[in-house]
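File shown here: protein-v4.csv, holding CSV, C-alpha atoms.
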```
chain,number,residue,atom,x,y,z
G,1,MET,CA,0.0,0.0,0.0
G,2,LYS,CA,1.4,3.4,-1.0
G,3,ILE,CA,2.3,5.8,1.8
G,4,LYS,CA,-0.1,8.5,0.4
G,5,ASN,CA,-3.0,6.1,1.2
G,6,LEU,CA,-1.9,5.9,4.8
G,7,ILE,CA,-2.4,8.4,7.6
G,8,ALA,CA,1.1,9.6,8.6
G,9,ILE,CA,1.8,12.0,11.4
G,10,SER,CA,4.9,13.1,13.2
G,11,VAL,CA,4.9,12.4,16.9
G,12,VAL,CA,7.6,12.4,19.6
G,13,LEU,CA,6.9,9.3,21.7
G,14,PHE,CA,9.5,9.8,24.4
G,15,ALA,CA,11.7,12.6,25.6
G,16,ILE,CA,15.0,12.4,23.7
G,17,ASN,CA,18.1,13.9,25.2
G,18,SER,CA,20.0,14.5,22.0
G,19,ALA,CA,19.7,18.0,20.7
G,20,ASN,CA,20.1,16.7,17.2
G,21,ALA,CA,17.4,14.0,17.5
G,22,GLN,CA,14.8,14.1,14.8
G,23,ALA,CA,11.0,13.4,15.2
G,24,LYS,CA,10.0,10.1,13.7
G,25,LYS,CA,7.0,9.6,11.5
G,26,TYR,CA,4.3,7.1,12.3
G,27,ILE,CA,1.1,5.7,10.8
G,28,ILE,CA,-1.7,6.1,13.2
G,29,HIS,CA,-5.1,4.3,13.5
G,30,THR,CA,-7.9,4.9,15.9
G,31,VAL,CA,-9.8,2.0,17.5
G,32,ALA,CA,-13.1,3.0,19.1
G,33,PHE,CA,-15.9,1.4,21.0
G,34,TYR,CA,-19.4,2.9,21.5
G,35,ASN,CA,-22.6,1.6,23.0
G,36,PHE,CA,-25.1,3.1,20.6
G,37,GLU,CA,-27.9,2.8,23.2
G,38,ASN,CA,-31.0,1.2,21.6
G,39,LEU,CA,-30.2,1.7,18.0
G,40,PHE,CA,-33.6,0.3,16.7
G,41,ASP,CA,-35.4,1.0,13.4
G,42,THR,CA,-39.1,1.5,13.2
G,43,ILE,CA,-40.0,-1.8,11.6
G,44,ASN,CA,-41.6,-4.6,13.6
G,45,GLY,CA,-39.1,-7.4,13.5
G,46,PRO,CA,-38.9,-10.9,15.1
G,47,ASN,CA,-37.1,-9.7,18.2
G,48,ASN,CA,-38.6,-7.9,21.2
G,49,ASP,CA,-38.7,-4.5,19.6
G,50,GLU,CA,-42.3,-3.5,20.4
G,51,GLU,CA,-41.1,-0.7,22.7
G,52,TRP,CA,-39.2,0.9,19.7
G,53,LEU,CA,-42.1,1.2,17.2
G,54,PRO,CA,-44.2,4.2,16.3
G,55,ASN,CA,-47.0,2.9,18.5
G,56,GLY,CA,-44.7,1.7,21.2
G,57,ILE,CA,-44.0,3.3,24.6
G,58,GLN,CA,-41.0,5.2,23.1
G,59,ASN,CA,-43.1,6.6,20.3
G,60,TRP,CA,-40.1,5.7,18.1
G,61,THR,CA,-40.9,7.5,14.8
G,62,GLY,CA,-39.0,7.7,11.5
G,63,LYS,CA,-38.1,11.3,12.3
G,64,LYS,CA,-36.6,10.2,15.7
G,65,TYR,CA,-34.7,7.3,14.1
G,66,LYS,CA,-33.2,9.6,11.5
G,67,GLN,CA,-32.1,12.0,14.2
G,68,LYS,CA,-30.5,9.2,16.2
G,69,LEU,CA,-28.5,8.1,13.1
G,70,GLU,CA,-27.4,11.6,12.5
G,71,ASN,CA,-26.3,12.1,16.1
G,72,LEU,CA,-24.4,8.8,16.2
G,73,SER,CA,-22.7,9.5,12.9
G,74,ARG,CA,-21.4,12.9,14.2
G,75,VAL,CA,-19.8,11.2,17.2
G,76,LEU,CA,-18.3,8.3,15.2
G,77,SER,CA,-16.8,10.6,12.6
G,78,GLU,CA,-15.0,12.7,15.3
G,79,ILE,CA,-13.7,10.1,17.8
G,80,GLY,CA,-10.0,10.4,18.2
G,81,THR,CA,-9.6,13.3,15.8
G,82,GLY,CA,-7.6,15.3,18.4
G,83,GLU,CA,-4.5,13.3,17.5
G,84,ASN,CA,-5.6,11.6,14.2
G,85,PRO,CA,-7.3,13.5,11.4
G,86,ASN,CA,-9.0,10.3,10.2
G,87,SER,CA,-12.1,8.9,11.8
G,88,PRO,CA,-11.7,5.6,13.6
G,89,THR,CA,-10.5,2.7,11.4
G,90,PHE,CA,-12.3,0.3,13.7
G,91,ILE,CA,-15.6,0.9,15.6
G,92,GLY,CA,-17.0,-1.7,17.9
G,93,GLY,CA,-20.6,-1.2,18.7
G,94,ALA,CA,-23.3,-2.5,21.0
G,95,GLU,CA,-27.1,-2.3,21.5
G,96,ILE,CA,-27.7,-2.8,17.7
G,97,GLU,CA,-31.0,-4.2,16.6
G,98,ASN,CA,-29.9,-5.7,13.2
G,99,ARG,CA,-27.6,-5.3,10.2
G,100,GLY,CA,-30.1,-2.9,8.6
G,101,VAL,CA,-29.6,-0.2,11.2
G,102,LEU,CA,-25.8,-0.4,10.6
G,103,GLU,CA,-26.4,-0.1,6.8
G,104,ASP,CA,-28.4,3.0,7.5
G,105,LEU,CA,-25.7,4.4,9.9
G,106,ILE,CA,-22.7,4.0,7.5
G,107,LYS,CA,-24.7,5.8,4.8
G,108,GLN,CA,-25.0,8.9,6.8
G,109,PRO,CA,-23.4,12.0,5.2
G,110,LYS,CA,-20.6,12.2,7.8
G,111,LEU,CA,-19.7,8.5,7.3
G,112,ILE,CA,-20.5,7.5,3.8
G,113,ASN,CA,-17.2,8.6,2.2
G,114,LEU,CA,-15.2,6.6,4.8
G,115,ASP,CA,-16.5,3.4,3.2
G,116,TYR,CA,-17.1,1.3,6.3
G,117,GLY,CA,-17.5,-2.5,6.1
G,118,ILE,CA,-19.7,-4.3,8.6
G,119,VAL,CA,-19.3,-7.6,10.5
G,120,HIS,CA,-22.5,-8.4,12.3
G,121,PHE,CA,-24.4,-11.5,13.5
G,122,ASP,CA,-27.8,-11.8,15.1
G,123,SER,CA,-27.4,-12.9,18.7
G,124,PRO,CA,-29.9,-14.8,20.9
G,125,ASP,CA,-30.2,-11.8,23.3
G,126,LYS,CA,-33.8,-11.5,24.6
G,127,ARG,CA,-33.9,-7.8,23.9
G,128,GLY,CA,-32.8,-8.4,20.4
G,129,ILE,CA,-29.6,-6.4,20.6
G,130,ASP,CA,-26.2,-7.4,19.1
G,131,VAL,CA,-22.6,-6.3,18.9
G,132,ALA,CA,-20.8,-5.5,15.6
G,133,LEU,CA,-17.6,-4.2,14.1
G,134,LEU,CA,-17.3,-1.4,11.5
G,135,TYR,CA,-14.0,-1.1,9.7
G,136,GLN,CA,-12.6,1.1,7.0
G,137,LYS,CA,-12.2,-1.1,4.0
G,138,LYS,CA,-9.1,0.7,2.6
G,139,HIS,CA,-7.1,-0.1,5.7
G,140,PHE,CA,-8.5,-3.5,7.0
G,141,LYS,CA,-9.1,-6.7,5.2
G,142,PRO,CA,-11.0,-9.3,7.3
G,143,THR,CA,-10.0,-12.9,6.7
G,144,SER,CA,-12.4,-14.6,9.2
G,145,TYR,CA,-15.1,-13.8,11.7
G,146,VAL,CA,-17.2,-15.8,14.0
G,147,ASN,CA,-19.8,-15.2,16.8
G,148,ILE,CA,-19.0,-17.2,19.9
G,149,PRO,CA,-22.0,-17.8,22.3
G,150,LEU,CA,-21.8,-17.2,26.0
G,151,ILE,CA,-23.6,-20.1,27.7
G,152,ILE,CA,-24.9,-19.1,31.2
G,153,TYR,CA,-27.8,-20.3,33.3
G,154,LYS,CA,-30.0,-18.6,35.9
G,155,LYS,CA,-28.7,-21.0,38.6
G,156,GLN,CA,-25.3,-19.3,38.4
G,157,GLU,CA,-26.6,-16.2,40.0
G,158,ALA,CA,-25.0,-15.4,43.3
G,159,LYS,CA,-27.1,-15.4,46.5
G,160,VAL,CA,-27.6,-12.0,48.0
G,161,THR,CA,-29.4,-10.6,51.0
G,162,LYS,CA,-32.8,-8.8,50.7
G,163,LYS,CA,-31.1,-5.5,51.4
G,164,GLU,CA,-29.3,-5.5,48.0
G,165,LYS,CA,-31.4,-3.4,45.6
G,166,ASP,CA,-32.1,-4.3,42.1
G,167,GLU,CA,-30.2,-2.2,39.5
G,168,GLU,CA,-32.3,0.1,37.4
G,169,THR,CA,-31.6,-1.0,33.9
G,170,ASP,CA,-33.6,-1.7,30.7
G,171,ASP,CA,-31.2,-4.5,30.0
G,172,LYS,CA,-32.9,-7.2,32.0
G,173,VAL,CA,-31.5,-10.7,32.6
G,174,VAL,CA,-34.2,-13.0,31.3
G,175,ALA,CA,-33.9,-16.8,31.5
G,176,GLU,CA,-35.6,-19.3,29.1
G,177,ASN,CA,-38.2,-21.2,31.1
G,178,ALA,CA,-37.4,-24.8,30.2
G,179,SER,CA,-33.6,-24.8,30.4
G,180,GLU,CA,-33.1,-21.7,32.6
G,181,ARG,CA,-30.5,-20.6,30.1
G,182,VAL,CA,-29.9,-16.8,30.1
G,183,TYR,CA,-29.7,-15.7,26.5
G,184,THR,CA,-27.3,-12.8,26.1
G,185,ARG,CA,-24.9,-11.3,23.5
G,186,ASP,CA,-22.4,-13.4,21.7
G,187,GLN,CA,-18.8,-12.4,21.6
G,188,LEU,CA,-17.7,-11.4,18.1
G,189,LEU,CA,-14.2,-12.4,16.9
G,190,VAL,CA,-12.8,-10.8,13.8
G,191,THR,CA,-9.3,-11.5,12.3
G,192,GLY,CA,-7.7,-9.7,9.4
G,193,PHE,CA,-4.9,-7.5,8.1
G,194,LEU,CA,-4.5,-3.8,9.2
G,195,ASP,CA,-2.3,-2.3,6.5
G,196,GLY,CA,-0.5,-5.6,6.3
G,197,ASP,CA,-0.3,-6.5,10.0
G,198,GLU,CA,-2.6,-9.3,11.2
G,199,VAL,CA,-4.8,-8.3,14.1
G,200,ASN,CA,-7.6,-10.0,16.1
G,201,ILE,CA,-10.5,-8.0,17.5
G,202,ILE,CA,-13.1,-9.3,20.0
G,203,VAL,CA,-16.2,-7.1,20.5
G,204,ASN,CA,-18.2,-7.6,23.7
G,205,HIS,CA,-21.3,-6.6,25.5
G,206,TRP,CA,-21.3,-8.5,28.8
G,207,PRO,CA,-24.4,-9.4,30.8
G,208,SER,CA,-26.0,-6.5,32.6
G,209,ARG,CA,-26.3,-5.8,36.4
G,210,SER,CA,-30.0,-6.6,36.4
G,211,GLY,CA,-30.8,-8.0,39.8
G,212,GLY,CA,-27.9,-6.2,41.4
G,213,GLU,CA,-24.1,-6.2,40.9
G,214,LYS,CA,-23.3,-9.0,43.3
G,215,LYS,CA,-26.1,-11.3,42.1
G,216,SER,CA,-25.3,-10.9,38.5
G,217,SER,CA,-21.5,-10.9,38.8
G,218,PRO,CA,-21.1,-14.7,37.9
G,219,PHE,CA,-22.6,-14.0,34.5
G,220,ARG,CA,-19.9,-11.4,33.7
G,221,GLU,CA,-17.2,-13.5,35.3
G,222,ALA,CA,-18.3,-16.2,32.8
G,223,ALA,CA,-18.0,-13.6,30.0
G,224,GLY,CA,-14.5,-12.7,31.1
G,225,ALA,CA,-13.6,-16.4,31.2
G,226,LEU,CA,-14.9,-16.9,27.7
G,227,ASN,CA,-12.8,-13.9,26.6
G,228,ARG,CA,-9.8,-15.5,28.2
G,229,LYS,CA,-10.4,-18.8,26.4
G,230,ILE,CA,-10.7,-17.0,23.1
G,231,ILE,CA,-7.4,-15.1,23.7
G,232,ASP,CA,-5.6,-18.3,24.8
G,233,SER,CA,-6.8,-20.1,21.7
G,234,LEU,CA,-5.5,-17.3,19.4
G,235,VAL,CA,-2.1,-17.3,21.2
G,236,LYS,CA,-1.9,-21.1,20.9
G,237,ILE,CA,-2.2,-20.7,17.1
G,238,ASN,CA,0.2,-17.8,17.0
G,239,PRO,CA,2.3,-16.8,20.1
G,240,ASN,CA,2.8,-13.4,18.5
G,241,ALA,CA,-0.9,-12.7,18.0
G,242,LYS,CA,-2.0,-9.1,18.2
G,243,ILE,CA,-5.3,-9.1,20.1
G,244,ILE,CA,-7.7,-6.2,21.0
G,245,THR,CA,-10.7,-7.0,23.2
G,246,MET,CA,-13.2,-4.2,23.7
G,247,GLY,CA,-16.8,-3.6,24.7
G,248,ASP,CA,-19.3,-2.5,27.3
G,249,LEU,CA,-18.4,-4.9,30.0
G,250,ASN,CA,-21.0,-3.8,32.6
G,251,ASP,CA,-18.2,-4.0,35.1
G,252,GLY,CA,-15.3,-1.7,36.0
G,253,SER,CA,-11.7,-2.5,35.4
G,254,TYR,CA,-11.4,-3.5,39.1
G,255,ASN,CA,-14.2,-6.2,39.1
G,256,ARG,CA,-13.5,-9.9,39.1
G,257,SER,CA,-14.7,-10.4,35.6
G,258,VAL,CA,-11.9,-8.2,34.3
G,259,LYS,CA,-9.1,-8.6,36.9
G,260,VAL,CA,-9.5,-12.3,37.6
G,261,ALA,CA,-11.5,-14.1,34.9
G,262,LEU,CA,-9.9,-12.2,32.0
G,263,GLY,CA,-6.7,-11.3,34.0
G,264,ALA,CA,-6.2,-7.8,32.7
G,265,LYS,CA,-3.2,-5.9,34.1
G,266,LEU,CA,-2.9,-2.3,35.3
G,267,LYS,CA,0.7,-1.7,34.1
G,268,LYS,CA,2.5,-2.7,31.0
G,269,GLU,CA,5.4,-4.0,33.1
G,270,GLU,CA,3.1,-6.7,34.5
G,271,LEU,CA,2.8,-8.3,31.1
G,272,LYS,CA,5.1,-11.3,31.0
G,273,THR,CA,3.9,-13.8,28.5
G,274,ALA,CA,2.0,-13.9,25.2
G,275,GLY,CA,-1.7,-13.4,25.8
G,276,ASP,CA,-1.3,-11.2,28.9
G,277,ILE,CA,-3.7,-8.3,28.6
G,278,TYR,CA,-3.0,-4.6,29.3
G,279,ASN,CA,-6.0,-2.4,30.3
G,280,PRO,CA,-5.2,1.3,30.0
G,281,PHE,CA,-8.6,2.2,31.3
G,282,GLU,CA,-7.9,0.9,34.8
G,283,GLN,CA,-5.6,3.8,35.5
G,284,MET,CA,-8.0,6.2,33.8
G,285,ALA,CA,-10.7,5.0,36.2
G,286,LYS,CA,-8.3,5.5,39.1
G,287,ASP,CA,-7.8,9.1,37.8
G,288,GLY,CA,-11.6,9.8,38.1
G,289,ASN,CA,-12.6,9.4,34.4
G,290,ALA,CA,-15.9,7.8,33.4
G,291,THR,CA,-17.8,6.6,30.4
G,292,LEU,CA,-21.1,6.4,32.2
G,293,PHE,CA,-22.8,7.5,35.5
G,294,TYR,CA,-25.2,5.7,37.8
G,295,ARG,CA,-26.6,7.2,41.0
G,296,ASP,CA,-24.2,10.1,40.7
G,297,ALA,CA,-21.2,7.8,40.6
G,298,GLY,CA,-19.0,7.6,37.4
G,299,ASP,CA,-17.3,4.4,36.2
G,300,ILE,CA,-15.6,3.1,33.0
G,301,PHE,CA,-17.6,0.1,31.7
G,302,ASP,CA,-16.5,0.7,28.1
G,303,GLN,CA,-12.9,-0.6,27.9
G,304,ILE,CA,-10.4,-1.4,25.1
G,305,MET,CA,-7.6,-3.8,26.1
G,306,VAL,CA,-4.6,-5.1,24.1
G,307,SER,CA,-2.4,-8.2,24.3
G,308,GLU,CA,1.3,-8.2,25.2
G,309,GLU,CA,2.4,-8.1,21.6
G,310,PHE,CA,0.9,-4.6,21.2
G,311,VAL,CA,3.0,-3.1,24.0
G,312,LYS,CA,6.4,-4.0,22.8
G,313,LYS,CA,8.8,-1.0,22.2
G,314,ASP,CA,9.7,-2.0,18.6
G,315,TYR,CA,7.4,0.2,16.4
G,316,SER,CA,8.2,-1.8,13.2
G,317,SER,CA,4.6,-3.1,13.4
G,318,PHE,CA,1.5,-1.6,15.0
G,319,ARG,CA,1.7,-1.0,18.7
G,320,TYR,CA,-0.5,0.6,21.4
G,321,TRP,CA,0.1,4.3,21.9
G,322,LYS,CA,-2.5,5.8,24.2
G,323,ALA,CA,-6.2,5.8,25.2
G,324,GLY,CA,-9.0,8.2,25.7
G,325,ILE,CA,-12.7,8.9,26.3
G,326,TRP,CA,-14.6,11.0,23.8
G,327,ASN,CA,-16.8,13.3,25.8
G,328,LYS,CA,-17.3,16.5,23.9
G,329,PRO,CA,-19.6,19.2,25.3
G,330,TYR,CA,-22.4,18.6,22.8
G,331,MET,CA,-22.6,15.0,24.1
G,332,ILE,CA,-23.2,16.0,27.7
G,333,GLN,CA,-26.4,16.9,29.6
G,334,THR,CA,-26.1,20.6,30.7
G,335,THR,CA,-29.1,21.0,32.9
G,336,GLY,CA,-31.3,19.2,35.5
G,337,GLN,CA,-30.8,16.2,37.7
G,338,TYR,CA,-28.5,14.5,35.2
G,339,LYS,CA,-26.2,17.5,34.5
G,340,GLY,CA,-22.8,16.2,33.5
G,341,TYR,CA,-24.1,12.8,32.4
G,342,PRO,CA,-24.0,11.6,28.8
G,343,LEU,CA,-26.9,13.2,26.8
G,344,ARG,CA,-29.2,10.3,26.1
G,345,HIS,CA,-32.6,9.8,24.5
G,346,SER,CA,-35.6,11.0,26.2
G,347,MET,CA,-39.2,11.5,25.2
G,348,ASN,CA,-38.5,15.2,24.5
G,349,GLU,CA,-35.0,15.0,23.0
G,350,ILE,CA,-33.1,12.6,20.8
G,351,GLY,CA,-29.6,12.5,22.4
G,352,PHE,CA,-26.6,10.3,21.7
G,353,SER,CA,-26.1,7.5,24.2
G,354,ASP,CA,-26.0,6.9,27.9
G,355,HIS,CA,-22.3,6.0,27.4
G,356,PHE,CA,-19.3,8.0,26.2
G,357,PRO,CA,-17.2,6.1,23.6
G,358,ALA,CA,-13.7,4.8,24.5
G,359,TYR,CA,-10.8,4.8,22.0
G,360,ILE,CA,-7.1,3.9,21.7
G,361,TYR,CA,-4.5,4.8,19.1
G,362,LEU,CA,-2.3,2.2,17.3
G,363,ILE,CA,0.9,3.5,15.7
G,364,LYS,CA,3.6,2.1,13.4
G,365,GLU,CA,6.9,3.7,12.4
G,366,ILE,CA,7.4,4.7,8.8
G,367,LYS,CA,10.9,3.8,7.7
```
Just dump the structure as structure tokens.
Amino acid sequence: MKIKNLIAISVVLFAINSANAQAKKYIIHTVAFYNFENLFDTINGPNNDEEWLPNGIQNWTGKKYKQKLENLSRVLSEIGTGENPNSPTFIGGAEIENRGVLEDLIKQPKLINLDYGIVHFDSPDKRGIDVALLYQKKHFKPTSYVNIPLIIYKKQEAKVTKKEKDEETDDKVVAENASERVYTRDQLLVTGFLDGDEVNIIVNHWPSRSGGEKKSSPFREAAGALNRKIIDSLVKINPNAKIITMGDLNDGSYNRSVKVALGAKLKKEELKTAGDIYNPFEQMAKDGNATLFYRDAGDIFDQIMVSEEFVKKDYSSFRYWKAGIWNKPYMIQTTGQYKGYPLRHSMNEIGFSDHFPAYIYLIKEIK
């Protein structure tokens, strides 16, 4: 691929003592994750979408749907542009009704010229929402993709006291009556070549906190364990595998699902072997940043993590550079009880999402 087709920027990665040192040039790509919050169309489908129809309780009209797409496309086109003039090369998404809404999204004026491809599967989730990956075709060539089911059962719930309150969420945990299986989102694995470098991307939306954090924690711990199993399988095939796992985990970086089941590390120095996972959002959470708020407390449920191969100091292939949360003023509620929260949909206003998107940069030196 010719250099003119790549996005090259000059960055100084580290302080260099030599007065004669020259700034190096790097290719940069943005990897983003965004919970689209109820991206439903207005057509009655086979899933549980009755709430999101023109005659449903959300009064979800064509006009509202169009505004939602326009709002989302604005955010997606801008994520990471503080350091990278190009929109994200990869966008992981959650709370997506079907492939059709993604087709409508990438045709929006702010996105259509970016020529995004789509990887999407319908999942068995009871709300009818899925995860997906959008990618810029000129930079990424997928070679394989698969949806991997998360098999969990109602009996796995932890026992709690009556004092623990139910979390207020529209993402309820619903078990199938006969088997007691809880049907939730699959984990999406996509492998392909990013400007010639093979990368593996896992997109997640782990089970909600419906019923309370403690009671539902085993479901998310199972999701973390499945993520760990996928990563170990990739490393077994290729010890030098570059792996990105991202999503709305419905847990913070400090919870057992992330720290124990997945085994994510706070510091790069803690990564010792292939398949070890670095989570830059753990330190960001410690520093008081947030992608969402609940009962006036902020947390980072939307996380993007990378495998040990991405944090090596040789920039001859793509490596992790840094992470961020995209929370521009127009995306934030400015008045009322939820001032400072993400500006989400209400009956009177079509907002963006109840989450802020997370993103990271990947860089590679141009020789």
**Report entry** Straight-line distance linking atom CA of Asp296 of chain G with atom CA of Glu282 of chain G, stated in Å to one decimal
**Finding:** 19.6 Å
Query raised in the report: In Å to one decimal, how far is atom CA of Ala132 of chain G from atom CA of His120 of chain G?
Result: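 Separation of atom CA of His120 of chain G and atom CA of Ala132 of chain G: 4.7 Å.
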Extract, using all atoms listed in the file, all DNA, RNA and protein residues at most 10 Å from segment 35-38 of chain G, discarding same-chain residues fewer than 4 positions from it, and format them as a PDB file with C-alpha atoms, in the coordinates of the input.
```pdb
ATOM      1  CA  ASP G  49     -38.700  -4.500  19.600  1.00  0.00           C
ATOM      2  CA  TRP G  52     -39.200   0.900  19.700  1.00  0.00           C
ATOM      3  CA  LYS G  68     -30.500   9.200  16.200  1.00  0.00           C
ATOM      4  CA  LEU G  69     -28.500   8.100  13.100  1.00  0.00           C
ATOM      5  CA  LEU G  72     -24.400   8.800  16.200  1.00  0.00           C
ATOM      6  CA  GLY G  92     -17.000  -1.700  17.900  1.00  0.00           C
ATOM      7  CA  GLY G  93     -20.600  -1.200  18.700  1.00  0.00           C
ATOM      8  CA  ALA G  94     -23.300  -2.500  21.000  1.00  0.00           C
ATOM      9  CA  GLU G  95     -27.100  -2.300  21.500  1.00  0.00           C
ATOM     10  CA  ILE G  96     -27.700  -2.800  17.700  1.00  0.00           C
ATOM     11  CA  GLU G  97     -31.000  -4.200  16.600  1.00  0.00           C
ATOM     12  CA  ARG G 127     -33.900  -7.800  23.900  1.00  0.00           C
ATOM     13  CA  GLY G 128     -32.800  -8.400  20.400  1.00  0.00           C
ATOM     14  CA  ILE G 129     -29.600  -6.400  20.600  1.00  0.00           C
ATOM     15  CA  VAL G 131     -22.600  -6.300  18.900  1.00  0.00           C
ATOM     16  CA  ASP G 170     -33.600  -1.700  30.700  1.00  0.00           C
ATOM     17  CA  HIS G 205     -21.300  -6.600  25.500  1.00  0.00           C
ATOM     18  CA  GLY G 247     -16.800  -3.600  24.700  1.00  0.00           C
ATOM     19  CA  ASP G 248     -19.300  -2.500  27.300  1.00  0.00           C
ATOM     20  CA  ASP G 302     -16.500   0.700  28.100  1.00  0.00           C
ATOM     21  CA  ARG G 344     -29.200  10.300  26.100  1.00  0.00           C
ATOM     22  CA  HIS G 345     -32.600   9.800  24.500  1.00  0.00           C
ATOM     23  CA  GLY G 351     -29.600  12.500  22.400  1.00  0.00           C
ATOM     24  CA  PHE G 352     -26.600  10.300  21.700  1.00  0.00           C
ATOM     25  CA  SER G 353     -26.100   7.500  24.200  1.00  0.00           C
ATOM     26  CA  ASP G 354     -26.000   6.900  27.900  1.00  0.00           C
ATOM     27  CA  HIS G 355     -22.300   6.000  27.400  1.00  0.00           C
ATOM     28  CA  PHE G 356     -19.300   8.000  26.200  1.00  0.00           C
ATOM     29  CA  PRO G 357     -17.200   6.100  23.600  1.00  0.00           C
ATOM     30  CA  ALA G 358     -13.700   4.800  24.500  1.00  0.00           C
TER      31      ALA G 358
END
```
Requested in this report: Between atom CA of Ile360 of chain G and atom CA of Val260 of chain G, measure the distance and give it in Å to one decimal.
Outcome: 22.8 Å
Query raised in the report: Taking only C-alpha atoms into account, which of G:Ser123, G:Tyr315, G:Leu343, G:Trp60 comes nearest Lys24 of chain G?
Result: G:Tyr315
Query raised in the report: Taking into account all atoms listed in the file, which residue in the set G:Tyr65, G:Tyr26, G:Trp206, G:Tyr361 is nearest to Asp130 of chain G?
Result: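 Looking only at the distances to Asp130 of chain G, the closest residue turns out to be G:Trp206.
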Query raised in the report: Between G:Ala241, G:Val31, G:Leu105, G:Ala274, which has the minimum distance to Gln67 of chain G (counting all atoms listed in the file)?
Result: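 Among the listed residues, the smallest separation from Gln67 of chain G belongs to G:Leu105.
Using all atoms listed in the file, the smallest distance between any of G:Glu198, G:Ile332, G:Ala222, G:Ile366 and Phe310 of chain G comes from G:Glu198.
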For segment 202-214 of chain G in the structure I just supplied, write out N, CA, C and O atoms - as a PDB file, in the first residue's frame.
```pdb
ATOM      1  N   ILE G 202     -11.917  -8.658  19.382  1.00  0.00           N
ATOM      2  CA  ILE G 202     -13.075  -9.250  20.042  1.00  0.00           C
ATOM      3  C   ILE G 202     -13.982  -8.113  20.493  1.00  0.00           C
ATOM      4  O   ILE G 202     -13.533  -7.194  21.182  1.00  0.00           O
ATOM      5  N   VAL G 203     -15.252  -8.163  20.088  1.00  0.00           N
ATOM      6  CA  VAL G 203     -16.232  -7.138  20.485  1.00  0.00           C
ATOM      7  C   VAL G 203     -17.208  -7.768  21.469  1.00  0.00           C
ATOM      8  O   VAL G 203     -17.774  -8.836  21.206  1.00  0.00           O
ATOM      9  N   ASN G 204     -17.422  -7.092  22.593  1.00  0.00           N
ATOM     10  CA  ASN G 204     -18.193  -7.628  23.713  1.00  0.00           C
ATOM     11  C   ASN G 204     -19.304  -6.701  24.167  1.00  0.00           C
ATOM     12  O   ASN G 204     -19.178  -5.471  24.082  1.00  0.00           O
ATOM     13  N   HIS G 205     -20.360  -7.290  24.697  1.00  0.00           N
ATOM     14  CA  HIS G 205     -21.347  -6.582  25.518  1.00  0.00           C
ATOM     15  C   HIS G 205     -21.776  -7.578  26.584  1.00  0.00           C
ATOM     16  O   HIS G 205     -22.685  -8.376  26.381  1.00  0.00           O
ATOM     17  N   TRP G 206     -21.104  -7.540  27.728  1.00  0.00           N
ATOM     18  CA  TRP G 206     -21.288  -8.549  28.761  1.00  0.00           C
ATOM     19  C   TRP G 206     -22.639  -8.378  29.466  1.00  0.00           C
ATOM     20  O   TRP G 206     -23.251  -7.310  29.421  1.00  0.00           O
ATOM     21  N   PRO G 207     -23.116  -9.430  30.136  1.00  0.00           N
ATOM     22  CA  PRO G 207     -24.436  -9.377  30.787  1.00  0.00           C
ATOM     23  C   PRO G 207     -24.568  -8.205  31.753  1.00  0.00           C
ATOM     24  O   PRO G 207     -23.603  -7.794  32.401  1.00  0.00           O
ATOM     25  N   SER G 208     -25.779  -7.689  31.857  1.00  0.00           N
ATOM     26  CA  SER G 208     -26.045  -6.489  32.642  1.00  0.00           C
ATOM     27  C   SER G 208     -26.015  -6.782  34.139  1.00  0.00           C
ATOM     28  O   SER G 208     -25.874  -7.928  34.576  1.00  0.00           O
ATOM     29  N   ARG G 209     -26.215  -5.721  34.905  1.00  0.00           N
ATOM     30  CA  ARG G 209     -26.275  -5.827  36.363  1.00  0.00           C
ATOM     31  C   ARG G 209     -27.717  -5.966  36.860  1.00  0.00           C
ATOM     32  O   ARG G 209     -27.993  -5.696  38.033  1.00  0.00           O
ATOM     33  N   SER G 210     -28.610  -6.363  35.991  1.00  0.00           N
ATOM     34  CA  SER G 210     -29.996  -6.585  36.386  1.00  0.00           C
ATOM     35  C   SER G 210     -30.052  -7.558  37.559  1.00  0.00           C
ATOM     36  O   SER G 210     -29.453  -8.628  37.523  1.00  0.00           O
ATOM     37  N   GLY G 211     -30.755  -7.162  38.605  1.00  0.00           N
ATOM     38  CA  GLY G 211     -30.816  -7.970  39.809  1.00  0.00           C
ATOM     39  C   GLY G 211     -29.797  -7.570  40.848  1.00  0.00           C
ATOM     40  O   GLY G 211     -29.801  -8.072  41.963  1.00  0.00           O
ATOM     41  N   GLY G 212     -28.908  -6.652  40.464  1.00  0.00           N
ATOM     42  CA  GLY G 212     -27.868  -6.196  41.381  1.00  0.00           C
ATOM     43  C   GLY G 212     -26.489  -6.647  40.938  1.00  0.00           C
ATOM     44  O   GLY G 212     -26.327  -7.681  40.294  1.00  0.00           O
ATOM     45  N   GLU G 213     -25.483  -5.854  41.296  1.00  0.00           N
ATOM     46  CA  GLU G 213     -24.109  -6.151  40.875  1.00  0.00           C
ATOM     47  C   GLU G 213     -23.616  -7.507  41.379  1.00  0.00           C
ATOM     48  O   GLU G 213     -23.084  -8.321  40.620  1.00  0.00           O
ATOM     49  N   LYS G 214     -23.809  -7.772  42.664  1.00  0.00           N
ATOM     50  CA  LYS G 214     -23.297  -9.013  43.252  1.00  0.00           C
ATOM     51  C   LYS G 214     -24.019 -10.236  42.689  1.00  0.00           C
ATOM     52  O   LYS G 214     -23.387 -11.240  42.336  1.00  0.00           O
TER      53      LYS G 214
END
```
